[in-house]
file run_33.cif (mmCIF, C-alpha atoms and all ligand atoms)
data_structure
#
loop_
_atom_site.label_atom_id
_atom_site.label_comp_id
_atom_site.auth_asym_id
_atom_site.auth_seq_id
_atom_site.Cartn_x
_atom_site.Cartn_y
_atom_site.Cartn_z
CA MET A 1 0.00 0.00 0.00
CA PRO A 2 1.75 3.26 -1.08
CA GLU A 3 2.15 5.87 1.65
CA PRO A 4 -0.41 8.70 1.11
CA LEU A 5 0.82 12.21 0.21
CA GLY A 6 -1.60 14.03 2.44
CA ASP A 7 -5.26 13.62 1.70
CA PRO A 8 -5.96 15.04 -1.79
CA PRO A 9 -9.51 16.15 -0.82
CA ARG A 10 -8.09 18.20 2.09
CA GLY A 11 -4.41 18.74 1.26
CA GLY A 12 -1.70 18.17 3.88
CA ASP A 13 1.64 19.18 5.34
CA LEU A 14 4.39 19.80 2.74
CA GLY A 15 7.21 18.35 4.89
CA ALA A 16 5.29 15.13 5.49
CA ALA A 17 4.36 14.92 1.80
CA LEU A 18 8.03 15.28 0.80
CA ARG A 19 9.05 12.48 3.17
CA ALA A 20 6.34 10.23 1.75
CA VAL A 21 7.30 11.02 -1.86
CA ARG A 22 10.97 10.25 -1.17
CA ALA A 23 10.07 6.91 0.42
CA ARG A 24 7.77 5.95 -2.46
CA LEU A 25 10.28 6.89 -5.16
CA ALA A 26 13.08 5.04 -3.33
CA ALA A 27 10.87 1.94 -3.10
CA ALA A 28 10.21 2.18 -6.86
CA GLY A 29 13.99 2.12 -7.53
CA VAL A 30 14.21 5.75 -8.71
CA PRO A 31 17.94 6.59 -8.58
CA SER A 32 17.70 10.03 -6.89
CA PRO A 33 14.47 9.99 -4.85
CA ALA A 34 15.18 13.04 -2.67
CA ALA A 35 16.13 15.34 -5.57
CA ASP A 36 13.17 14.10 -7.64
CA ALA A 37 10.76 14.63 -4.72
CA ASP A 38 11.94 18.24 -4.31
CA LEU A 39 11.70 18.94 -8.05
CA LEU A 40 8.22 17.43 -8.41
CA ALA A 41 6.85 19.25 -5.36
CA GLY A 42 8.60 22.45 -6.48
CA HIS A 43 6.99 22.05 -9.92
CA VAL A 44 3.53 21.77 -8.35
CA LEU A 45 4.08 24.73 -6.01
CA GLY A 46 6.05 26.85 -8.51
CA LEU A 47 9.07 26.99 -6.15
CA PRO A 48 12.80 26.39 -6.83
CA PRO A 49 14.41 23.71 -4.56
CA GLY A 50 15.88 26.18 -2.00
CA GLN A 51 12.56 27.93 -1.49
CA LEU A 52 10.72 24.62 -1.37
CA ARG A 53 12.84 23.39 1.54
CA ALA A 54 12.30 26.71 3.35
CA ALA A 55 8.54 26.37 2.78
CA ALA A 56 8.61 22.83 4.21
CA LEU A 57 10.52 24.03 7.31
CA ARG A 58 7.94 26.80 7.82
CA GLY A 59 5.24 24.11 7.97
CA THR A 60 3.53 25.16 4.70
CA ALA A 61 0.37 23.23 3.87
CA LEU A 62 -0.50 21.78 0.45
CA THR A 63 -3.94 22.63 -0.89
CA ALA A 64 -6.14 19.73 -1.96
CA ALA A 65 -5.45 20.56 -5.63
CA GLN A 66 -1.69 20.63 -5.03
CA ALA A 67 -1.75 17.30 -3.15
CA GLY A 68 -3.75 15.77 -6.01
CA SER A 69 -1.34 17.07 -8.68
CA LEU A 70 1.67 15.85 -6.72
CA ALA A 71 0.14 12.40 -6.23
CA ALA A 72 -0.49 12.08 -9.98
CA LEU A 73 3.11 13.05 -10.82
CA VAL A 74 4.55 10.69 -8.21
CA GLU A 75 2.56 7.80 -9.61
CA ARG A 76 4.03 8.44 -13.07
CA ARG A 77 7.54 8.81 -11.69
CA GLU A 78 7.13 5.51 -9.79
CA ALA A 79 6.33 3.97 -13.19
CA ARG A 80 9.71 5.46 -14.30
CA THR A 81 8.42 8.18 -16.62
CA PRO A 82 11.50 10.44 -17.01
CA LEU A 83 11.55 13.26 -14.47
CA GLN A 84 12.22 15.74 -17.30
CA HIS A 85 9.05 14.64 -19.12
CA LEU A 86 7.04 15.32 -15.97
CA LEU A 87 8.64 18.73 -15.49
CA GLY A 88 8.46 19.43 -19.25
CA ARG A 89 12.01 20.78 -19.27
CA ALA A 90 15.66 19.87 -18.82
CA PRO A 91 18.62 22.04 -17.82
CA PHE A 92 21.49 22.21 -20.31
CA ARG A 93 24.53 24.42 -19.67
CA ARG A 94 23.07 27.95 -19.27
CA LEU A 95 19.73 27.03 -20.84
CA GLU A 96 16.50 25.33 -19.98
CA LEU A 97 15.10 23.19 -22.81
CA LEU A 98 11.57 21.98 -23.47
CA VAL A 99 11.38 18.18 -23.63
CA GLY A 100 8.77 15.45 -23.66
CA PRO A 101 7.78 12.25 -25.43
CA GLY A 102 9.41 12.01 -28.86
CA VAL A 103 12.73 13.69 -28.12
CA PHE A 104 15.98 12.55 -26.48
CA VAL A 105 16.42 14.17 -23.06
CA PRO A 106 19.72 16.12 -23.08
CA ARG A 107 22.28 14.56 -20.72
CA PRO A 108 24.97 16.05 -18.45
CA GLU A 109 27.75 14.35 -20.48
CA THR A 110 26.59 16.22 -23.58
CA GLU A 111 27.36 19.46 -21.74
CA THR A 112 31.01 18.42 -22.17
CA THR A 113 30.51 17.80 -25.91
CA ALA A 114 28.81 21.18 -26.27
CA GLY A 115 31.55 22.80 -24.16
CA LEU A 116 34.25 21.58 -26.54
CA ALA A 117 32.32 23.07 -29.48
CA VAL A 118 31.79 26.34 -27.56
CA GLN A 119 35.51 26.54 -26.76
CA GLU A 120 36.51 26.11 -30.40
CA ALA A 121 33.86 28.54 -31.69
CA ALA A 122 34.96 31.11 -29.08
CA ALA A 123 38.59 30.73 -30.26
CA VAL A 124 37.53 31.37 -33.87
CA ALA A 125 35.50 34.41 -32.74
CA ALA A 126 38.48 35.71 -30.75
CA GLY A 127 40.48 35.57 -34.00
CA GLY A 128 38.02 38.07 -35.51
CA ARG A 129 35.79 35.75 -37.58
CA ALA A 130 32.16 34.80 -37.04
CA PRO A 131 32.37 31.02 -36.50
CA LEU A 132 30.22 28.68 -38.56
CA VAL A 133 29.10 25.69 -36.47
CA VAL A 134 27.04 22.65 -37.51
CA ASP A 135 25.23 20.34 -35.06
CA LEU A 136 24.49 16.99 -36.72
CA CYS A 137 21.77 14.89 -35.01
CA ALA A 138 20.35 17.85 -33.10
CA GLY A 139 17.49 16.31 -31.08
CA SER A 140 16.05 19.04 -28.84
CA GLY A 141 18.60 21.49 -30.27
CA ALA A 142 20.66 21.36 -27.07
CA VAL A 143 24.16 21.58 -28.56
CA ALA A 144 23.23 24.09 -31.29
CA LEU A 145 21.45 26.40 -28.84
CA ALA A 146 24.25 26.19 -26.26
CA VAL A 147 26.81 27.28 -28.87
CA ALA A 148 24.56 30.10 -30.13
CA ASP A 149 23.94 31.19 -26.53
CA GLU A 150 27.56 31.19 -25.42
CA VAL A 151 29.18 32.45 -28.63
CA PRO A 152 26.75 35.13 -29.86
CA SER A 153 28.72 35.83 -33.05
CA ALA A 154 28.38 32.17 -34.15
CA ARG A 155 26.15 31.14 -37.04
CA VAL A 156 24.79 27.70 -36.17
CA VAL A 157 23.04 25.14 -38.36
CA ALA A 158 21.35 22.08 -36.83
CA VAL A 159 20.18 18.93 -38.65
CA GLU A 160 17.68 16.39 -37.28
CA LEU A 161 16.15 13.42 -39.09
CA ASP A 162 13.17 12.58 -36.89
CA PRO A 163 10.16 14.89 -37.51
CA GLY A 164 9.03 14.45 -33.87
CA ALA A 165 12.39 15.51 -32.45
CA HIS A 166 12.67 18.29 -35.06
CA ALA A 167 9.35 19.70 -33.78
CA TRP A 168 10.78 19.84 -30.23
CA ALA A 169 13.90 21.62 -31.54
CA GLU A 170 11.65 24.16 -33.30
CA ARG A 171 9.85 24.79 -30.00
CA ASN A 172 13.19 25.32 -28.27
CA LEU A 173 14.41 27.74 -30.93
CA GLU A 174 11.15 29.65 -30.53
CA ALA A 175 11.47 29.62 -26.71
CA HIS A 176 14.93 31.20 -27.01
CA ARG A 177 13.87 34.10 -29.21
CA PRO A 178 15.02 36.79 -28.97
CA GLY A 179 18.49 35.38 -28.33
CA ALA A 180 20.17 32.08 -29.18
CA GLY A 181 17.12 30.75 -31.09
CA GLU A 182 17.52 33.48 -33.70
CA ARG A 183 21.06 32.37 -34.50
CA VAL A 184 20.25 28.69 -35.19
CA ARG A 185 18.98 27.46 -38.57
CA LEU A 186 17.23 24.11 -38.22
CA LEU A 187 16.88 21.53 -40.98
CA LEU A 188 14.88 18.33 -41.18
CA GLY A 189 17.10 15.78 -42.93
CA ASP A 190 19.59 12.94 -42.83
CA ALA A 191 22.85 14.26 -41.37
CA THR A 192 24.79 11.49 -43.13
CA SER A 193 23.58 12.44 -46.61
CA PRO A 194 26.13 14.25 -48.83
CA GLN A 195 23.28 16.44 -50.11
CA VAL A 196 22.51 17.88 -46.67
CA LEU A 197 24.19 21.30 -46.30
CA ALA A 198 26.31 20.57 -49.41
CA GLU A 199 26.49 24.36 -49.94
CA LEU A 200 28.63 24.61 -46.75
CA ASP A 201 31.20 21.97 -47.75
CA GLY A 202 34.73 23.08 -46.86
CA GLU A 203 33.52 26.17 -44.94
CA VAL A 204 32.52 25.01 -41.48
CA ASP A 205 34.68 25.76 -38.41
CA VAL A 206 33.16 23.24 -35.99
CA VAL A 207 30.98 20.15 -36.47
CA ALA A 208 29.51 18.88 -33.19
CA SER A 209 27.46 15.72 -32.89
CA ASN A 210 25.88 13.54 -30.27
CA PRO A 211 24.68 10.82 -32.68
CA PRO A 212 22.95 7.56 -31.78
CA TYR A 213 25.71 5.05 -30.91
CA VAL A 214 24.23 2.22 -28.81
CA PRO A 215 25.23 -1.20 -30.26
CA PRO A 216 22.50 -3.83 -30.85
CA GLY A 217 23.13 -5.97 -27.74
CA ALA A 218 23.47 -3.13 -25.23
CA VAL A 219 19.82 -2.63 -24.23
CA PRO A 220 19.80 0.27 -21.74
CA ARG A 221 18.97 -0.86 -18.19
CA GLU A 222 17.17 2.30 -17.05
CA PRO A 223 13.45 2.21 -17.96
CA GLU A 224 13.56 5.99 -18.49
CA VAL A 225 15.98 5.47 -21.39
CA ARG A 226 14.83 2.09 -22.71
CA ASP A 227 11.11 2.91 -22.73
CA HIS A 228 11.07 6.66 -23.36
CA ASP A 229 14.03 7.86 -25.45
CA PRO A 230 13.17 7.46 -29.17
CA ALA A 231 14.76 4.39 -30.82
CA LEU A 232 16.26 6.61 -33.53
CA ALA A 233 18.14 8.50 -30.80
CA LEU A 234 19.70 5.38 -29.28
CA TRP A 235 20.63 2.70 -31.80
CA GLY A 236 23.68 3.60 -33.87
CA GLY A 237 23.39 0.69 -36.33
CA GLY A 238 25.91 -1.96 -37.32
CA GLU A 239 27.52 -4.52 -35.02
CA ASP A 240 29.39 -1.85 -33.06
CA GLY A 241 26.65 0.80 -32.99
CA LEU A 242 28.86 3.11 -35.02
CA ASP A 243 27.17 3.13 -38.45
CA VAL A 244 25.49 6.51 -37.89
CA PRO A 245 28.63 8.00 -36.23
CA ARG A 246 30.69 6.79 -39.26
CA GLY A 247 28.22 8.55 -41.58
CA VAL A 248 28.35 11.68 -39.42
CA LEU A 249 32.18 11.72 -39.51
CA ALA A 250 32.15 11.33 -43.29
CA ARG A 251 29.79 14.28 -43.53
CA ALA A 252 31.93 16.27 -41.06
CA ALA A 253 35.04 15.60 -43.17
CA ALA A 254 33.32 17.21 -46.15
CA LEU A 255 31.80 20.14 -44.24
CA LEU A 256 34.87 21.25 -42.29
CA ARG A 257 37.47 23.67 -43.61
CA PRO A 258 41.07 22.42 -43.29
CA GLY A 259 41.97 22.79 -39.60
CA GLY A 260 38.29 22.77 -38.53
CA LEU A 261 37.30 20.73 -35.48
CA VAL A 262 34.93 17.79 -35.17
CA VAL A 263 33.51 16.93 -31.72
CA VAL A 264 31.66 13.64 -31.43
CA GLU A 265 30.10 12.04 -28.38
CA HIS A 266 30.22 8.27 -27.84
CA ALA A 267 29.94 5.53 -25.22
CA GLU A 268 32.75 5.04 -22.71
CA VAL A 269 34.02 1.95 -24.57
CA GLN A 270 34.02 3.55 -28.04
CA GLY A 271 36.83 6.13 -27.64
CA ARG A 272 39.50 3.99 -29.27
CA ALA A 273 37.22 3.08 -32.22
CA LEU A 274 36.48 6.77 -32.76
CA ARG A 275 40.16 7.72 -32.64
CA GLU A 276 40.86 5.00 -35.22
CA LEU A 277 38.15 6.44 -37.49
CA LEU A 278 39.60 9.93 -37.04
CA ALA A 279 42.96 8.94 -38.54
CA PRO A 280 45.37 10.84 -40.86
CA PRO A 281 45.43 12.03 -43.56
CA THR A 282 41.75 13.04 -43.40
CA TRP A 283 42.05 13.88 -39.69
CA GLY A 284 44.75 14.83 -37.22
CA GLY A 285 45.24 15.15 -33.45
CA ALA A 286 42.39 12.82 -32.43
CA ARG A 287 41.87 13.03 -28.68
CA THR A 288 39.25 11.62 -26.30
CA HIS A 289 37.96 13.83 -23.47
CA ASP A 290 36.44 12.98 -20.09
CA ASP A 291 33.05 14.31 -19.05
CA ALA A 292 32.53 15.99 -15.65
CA GLY A 293 32.17 12.52 -14.09
CA GLY A 294 35.63 11.48 -15.39
CA ARG A 295 34.29 9.15 -18.11
CA PRO A 296 35.77 9.28 -21.65
CA ARG A 297 32.70 10.42 -23.61
CA ALA A 298 33.76 12.77 -26.45
CA THR A 299 36.48 12.68 -29.11
CA THR A 300 37.79 15.62 -31.11
CA ALA A 301 40.00 15.80 -34.20
CA ARG A 302 41.05 18.43 -36.72
CA ARG A 303 40.33 18.19 -40.42
CA GLY A 304 43.50 17.60 -42.43
CA ARG A 305 44.19 19.09 -45.82
CA SER A 306 43.60 15.97 -47.90
CA PRO A 307 40.48 16.12 -50.09
CA VAL A 308 37.62 13.72 -49.37
CA THR A 309 37.01 11.31 -52.22
CA HIS A 310 35.19 8.72 -50.15
CA TRP A 311 35.20 7.95 -46.44
CA GLY A 312 38.48 6.52 -45.16
CA SER A 313 40.51 7.61 -48.17
C1 LIG B 401 21.53 10.78 -28.91
S1 LIG B 401 20.32 11.84 -29.62
C2 LIG B 401 21.10 13.40 -29.34
C3 LIG B 401 20.21 14.59 -29.45
C4 LIG B 401 20.88 15.91 -29.05
N1 LIG B 401 22.03 16.21 -29.90
C5 LIG B 401 21.35 15.85 -27.62
O1 LIG B 401 22.53 15.70 -27.38
O2 LIG B 401 20.51 15.93 -26.72
C6 LIG B 401 20.58 11.55 -31.35
C7 LIG B 401 19.64 12.31 -32.28
O3 LIG B 401 20.04 12.02 -33.64
C8 LIG B 401 18.89 11.89 -34.44
N2 LIG B 401 19.30 11.11 -35.63
C9 LIG B 401 19.48 9.78 -35.78
N3 LIG B 401 19.93 9.48 -37.00
C10 LIG B 401 20.04 10.67 -37.67
C11 LIG B 401 20.46 11.02 -38.97
N4 LIG B 401 20.86 10.10 -39.86
N5 LIG B 401 20.44 12.33 -39.32
C12 LIG B 401 20.04 13.29 -38.43
N6 LIG B 401 19.62 13.01 -37.17
C13 LIG B 401 19.64 11.71 -36.80
C14 LIG B 401 17.89 11.21 -33.53
O4 LIG B 401 16.58 11.37 -33.99
C15 LIG B 401 18.19 11.93 -32.20
O5 LIG B 401 17.39 13.09 -32.09
#
call {"tool": "encode", "arguments": {"input": "run_33.cif", "output": "structure tokens"}}
result
Amino acid sequence: MPEPLGDPPRGGDLGAALRAVRARLAAAGVPSPAADADLLAGHVLGLPPGQLRAAALRGTALTAAQAGSLAALVERREARTPLQHLLGRAPFRRLELLVGPGVFVPRPETETTAGLAVQEAAAVAAGGRAPLVVDLCAGSGAVALAVADEVPSARVVAVELDPGAHAWAERNLEAHRPGAGERVRLLLGDATSPQVLAELDGEVDVVASNPPYVPPGAVPREPEVRDHDPALALWGGGEDGLDVPRGVLARAAALLRPGGLVVVEHAEVQGRALRELLAPPTWGGARTHDDAGGRPRATTARRGRSPVTHWGS
């Protein structure tokens, strides 16, 4: 019998409700029950976590409507609906992005990927040129918007194949207008196709990508990922999960100017495979970078001067 969260018809004490939510989420195997409880209750009350805790200490009462809304959210979180879907948003670097069913929820490790692209774009801008940046496999638009937000002189183009995810990216561009959203051009298309953005071949300063890369046998354990992230966002194709990343790197090789930087995210175990793909003469200086948790999750390389005839040449 789940512990009640106050009595929805009459409401109840916020502190007691938070304790009950934490216990229920912990029992359901939710990885961070205390943080989730605070965020869900804060969402219902319209309070950030610090103010929520202060309100609980003051002995604030939940109204009946608030207790009912919280109970409904907790039930969905117990069923492992992603927290970000329930909140309708996800933090990403300096931004807050709209997310929900049909789009990949931006992850903390991708903040590292975006950061590497921001760093390179900022260096180009410091040299007196407006950087041209392409985000292949854009999802919610997280990487593209972060670059446009943090390097205001950058021109950013984002490509997404899935119409559902593309619609979320459009919403995010709109939500960041005026501002970063105005500086991102969004395309619906296959990022691995030579026709996509062919007019920019040889001109791009940075190509950033968090492509799908999960290999066929590696079914994600977390229900939030397995049951809610779109299949197109997870499975990279091929025995090693790297078919889409290979296509993305081929496209990046054509788009980048000589000396331009590619940044590609991957699984912890795929760093070596990526560095092997990013070999001379097409590429130089391949290097794998740790995310904030110390896990090797992104590889960068610079475009060499050799022309691309076909991938791997
Ligand atoms: C792992 S998600 C990353 C989304 C976003 N870049 C992020 O980091 O949050 C991969 C995205 O690539 C898209 N995708 C898969 N294959 C693609 C392709 N061939 N061309 C363009 N987008 C593709 C998926 O629909 C999904 O939105």
call {"tool": "closest_residue", "arguments": {"input": "run_33.cif", "among": "A:Arg107, A:Arg226, A:Arg302, A:Arg24", "to": "ligand LIG 401 (chain B)", "atoms": "only C-alpha atoms and all ligand atoms"}}
result
A:Arg107
call {"tool": "closest_atom_pairs", "arguments": {"input": "run_33.cif", "of": "chain A", "to": "ligand LIG 401 (chain B)", "cutoff": "9 Å", "atoms": "only C-alpha atoms and all ligand atoms", "output": "tab-separated table"}}
result
residue	atom	partner	partner_atom	distance
A:Gly102	CA	B:LIG401	O5	8.7
A:Val103	CA	B:LIG401	O5	6.2
A:Phe104	CA	B:LIG401	S1	5.4
A:Val105	CA	B:LIG401	O2	5.8
A:Pro106	CA	B:LIG401	O2	3.7
A:Arg107	CA	B:LIG401	O2	6.4
A:Glu109	CA	B:LIG401	O1	8.8
A:Thr110	CA	B:LIG401	O1	5.6
A:Glu111	CA	B:LIG401	O1	8.3
A:Thr113	CA	B:LIG401	O1	8.4
A:Ala114	CA	B:LIG401	O1	8.4
A:Asp135	CA	B:LIG401	N1	7.3
A:Leu136	CA	B:LIG401	C12	6.0
A:Cys137	CA	B:LIG401	N6	3.6
A:Ala138	CA	B:LIG401	N1	4.0
A:Gly139	CA	B:LIG401	O5	3.4
A:Ser140	CA	B:LIG401	C4	5.8
A:Gly141	CA	B:LIG401	C4	6.2
A:Ala142	CA	B:LIG401	O2	5.4
A:Val143	CA	B:LIG401	N1	5.9
A:Ala144	CA	B:LIG401	N1	8.1
A:Val159	CA	B:LIG401	C12	5.6
A:Glu160	CA	B:LIG401	N6	3.9
A:Leu161	CA	B:LIG401	C12	3.9
A:Asp162	CA	B:LIG401	O4	4.6
A:Pro163	CA	B:LIG401	O4	8.1
A:Gly164	CA	B:LIG401	O4	8.2
A:Ala165	CA	B:LIG401	O5	5.6
A:His166	CA	B:LIG401	O5	7.6
A:Leu188	CA	B:LIG401	C12	7.7
A:Gly189	CA	B:LIG401	C12	5.9
A:Asp190	CA	B:LIG401	N5	3.7
A:Ala191	CA	B:LIG401	N5	3.7
A:Thr192	CA	B:LIG401	N4	5.3
A:Ser193	CA	B:LIG401	N4	7.6
A:Ala208	CA	B:LIG401	N1	8.6
A:Ser209	CA	B:LIG401	N1	6.2
A:Asn210	CA	B:LIG401	N1	4.7
A:Pro211	CA	B:LIG401	C6	4.4
A:Pro212	CA	B:LIG401	C1	4.5
A:Tyr213	CA	B:LIG401	C1	7.4
A:Val214	CA	B:LIG401	C1	9.0
A:Asp229	CA	B:LIG401	S1	8.5
A:Pro230	CA	B:LIG401	O4	7.1
A:Ala231	CA	B:LIG401	O4	7.9
A:Leu232	CA	B:LIG401	O4	4.8
A:Ala233	CA	B:LIG401	C15	3.7
A:Leu234	CA	B:LIG401	C1	5.7
A:Trp235	CA	B:LIG401	C9	8.2
A:Gly236	CA	B:LIG401	N3	7.6
A:Val244	CA	B:LIG401	N4	6.2
A:Pro245	CA	B:LIG401	N4	8.8
A:Gly247	CA	B:LIG401	N4	7.7
A:Val248	CA	B:LIG401	N4	7.7
A:Glu265	CA	B:LIG401	O1	8.5
call {"tool": "closest_residue", "arguments": {"input": "run_33.cif", "among": "A:Pro296, A:Pro33, A:Pro280, A:Gly12", "to": "Thr60 (chain A)", "atoms": "only C-alpha atoms"}}
result
A:Gly12
call {"tool": "closest_residue", "arguments": {"input": "run_33.cif", "among": "A:Arg221, A:Arg58, A:Arg297, A:Arg93", "to": "Ala267 (chain A)", "atoms": "only C-alpha atoms"}}
result
A:Arg297
call {"tool": "closest_residue", "arguments": {"input": "run_33.cif", "among": "A:Arg287, A:Arg295, A:Arg272, A:Arg303", "to": "Ala252 (chain A)", "atoms": "all atoms listed in the file"}}
result
A:Arg303
call {"tool": "closest_residue", "arguments": {"input": "run_33.cif", "among": "A:His266, A:His289, A:Arg251, A:Arg77", "to": "Pro215 (chain A)", "atoms": "all atoms listed in the file"}}
result
A:His266
call {"tool": "closest_residue", "arguments": {"input": "run_33.cif", "among": "A:Gly68, A:Gly217, A:Pro178, A:Pro31", "to": "Leu83 (chain A)", "atoms": "only C-alpha atoms"}}
result
A:Pro31
call {"tool": "residues_near_point", "arguments": {"input": "run_33.cif", "point": "(14.3, 11.8, -10.5)", "cutoff": "10 Å", "atoms": "only C-alpha atoms", "output": "PyMOL selection string"}}
result
chain A and resi 25-26+30-40+77-78+80-84+86+224
call {"tool": "residues_around", "arguments": {"input": "run_33.cif", "residues": "region 277-279 of chain A", "least_positions_apart": "2", "cutoff": "9 Å", "atoms": "only C-alpha atoms", "output": "compact mmCIF listing (two decimals) with C-alpha atoms, in the frame of the given file"}}
result
# COMPACT_ATOMS: atom_id res chain seq x y z
CA ARG A 246 30.69 6.79 -39.26
CA LEU A 249 32.18 11.72 -39.51
CA ARG A 272 39.50 3.99 -29.27
CA ALA A 273 37.22 3.08 -32.22
CA LEU A 274 36.48 6.77 -32.76
CA ARG A 275 40.16 7.72 -32.64
CA PRO A 281 45.43 12.03 -43.56
CA THR A 282 41.75 13.04 -43.40
CA TRP A 283 42.05 13.88 -39.69
CA GLY A 284 44.75 14.83 -37.22
CA GLY A 285 45.24 15.15 -33.45
CA ALA A 286 42.39 12.82 -32.43
CA THR A 299 36.48 12.68 -29.11
CA THR A 300 37.79 15.62 -31.11
CA ALA A 301 40.00 15.80 -34.20
CA ARG A 302 41.05 18.43 -36.72
CA ARG A 303 40.33 18.19 -40.42
CA GLY A 312 38.48 6.52 -45.16
call {"tool": "atom_distance", "arguments": {"input": "run_33.cif", "atom1": "CA of Val263 (chain A)", "atom2": "CA of Ala250 (chain A)"}}
result
12.9 Å
call {"tool": "atom_distance", "arguments": {"input": "run_33.cif", "atom1": "CA of Thr288 (chain A)", "atom2": "CA of Phe92 (chain A)"}}
result
21.5 Å
call {"tool": "atom_distance", "arguments": {"input": "run_33.cif", "atom1": "CA of Gly115 (chain A)", "atom2": "CA of Ala218 (chain A)"}}
result
27.2 Å
call {"tool": "residues_around", "arguments": {"input": "run_33.cif", "residues": "region 127-132 of chain A", "least_positions_apart": "5", "cutoff": "7 Å", "atoms": "only C-alpha atoms", "output": "mmCIF file with C-alpha atoms, in the frame of the given file"}}
result
data_model
loop_
_atom_site.group_PDB
_atom_site.id
_atom_site.type_symbol
_atom_site.label_atom_id
_atom_site.label_comp_id
_atom_site.auth_asym_id
_atom_site.auth_seq_id
_atom_site.Cartn_x
_atom_site.Cartn_y
_atom_site.Cartn_z
ATOM 1 C CA ALA A 121 33.860 28.540 -31.690
ATOM 2 C CA SER A 153 28.720 35.830 -33.050
ATOM 3 C CA ALA A 154 28.380 32.170 -34.150
ATOM 4 C CA ARG A 155 26.150 31.140 -37.040
ATOM 5 C CA VAL A 156 24.790 27.700 -36.170
ATOM 6 C CA VAL A 204 32.520 25.010 -41.480
ATOM 7 C CA ASP A 205 34.680 25.760 -38.410
ATOM 8 C CA VAL A 206 33.160 23.240 -35.990
#
call {"tool": "axis_aligned_box", "arguments": {"input": "run_33.cif", "around": "region 298-307 of chain A", "padding_each_side": "5 Å", "output": "lines of an AutoDock Vina configuration file"}}
result
center_x = 39.0
center_y = 15.9
center_z = -38.3
size_x = 20.4
size_y = 16.4
size_z = 33.6
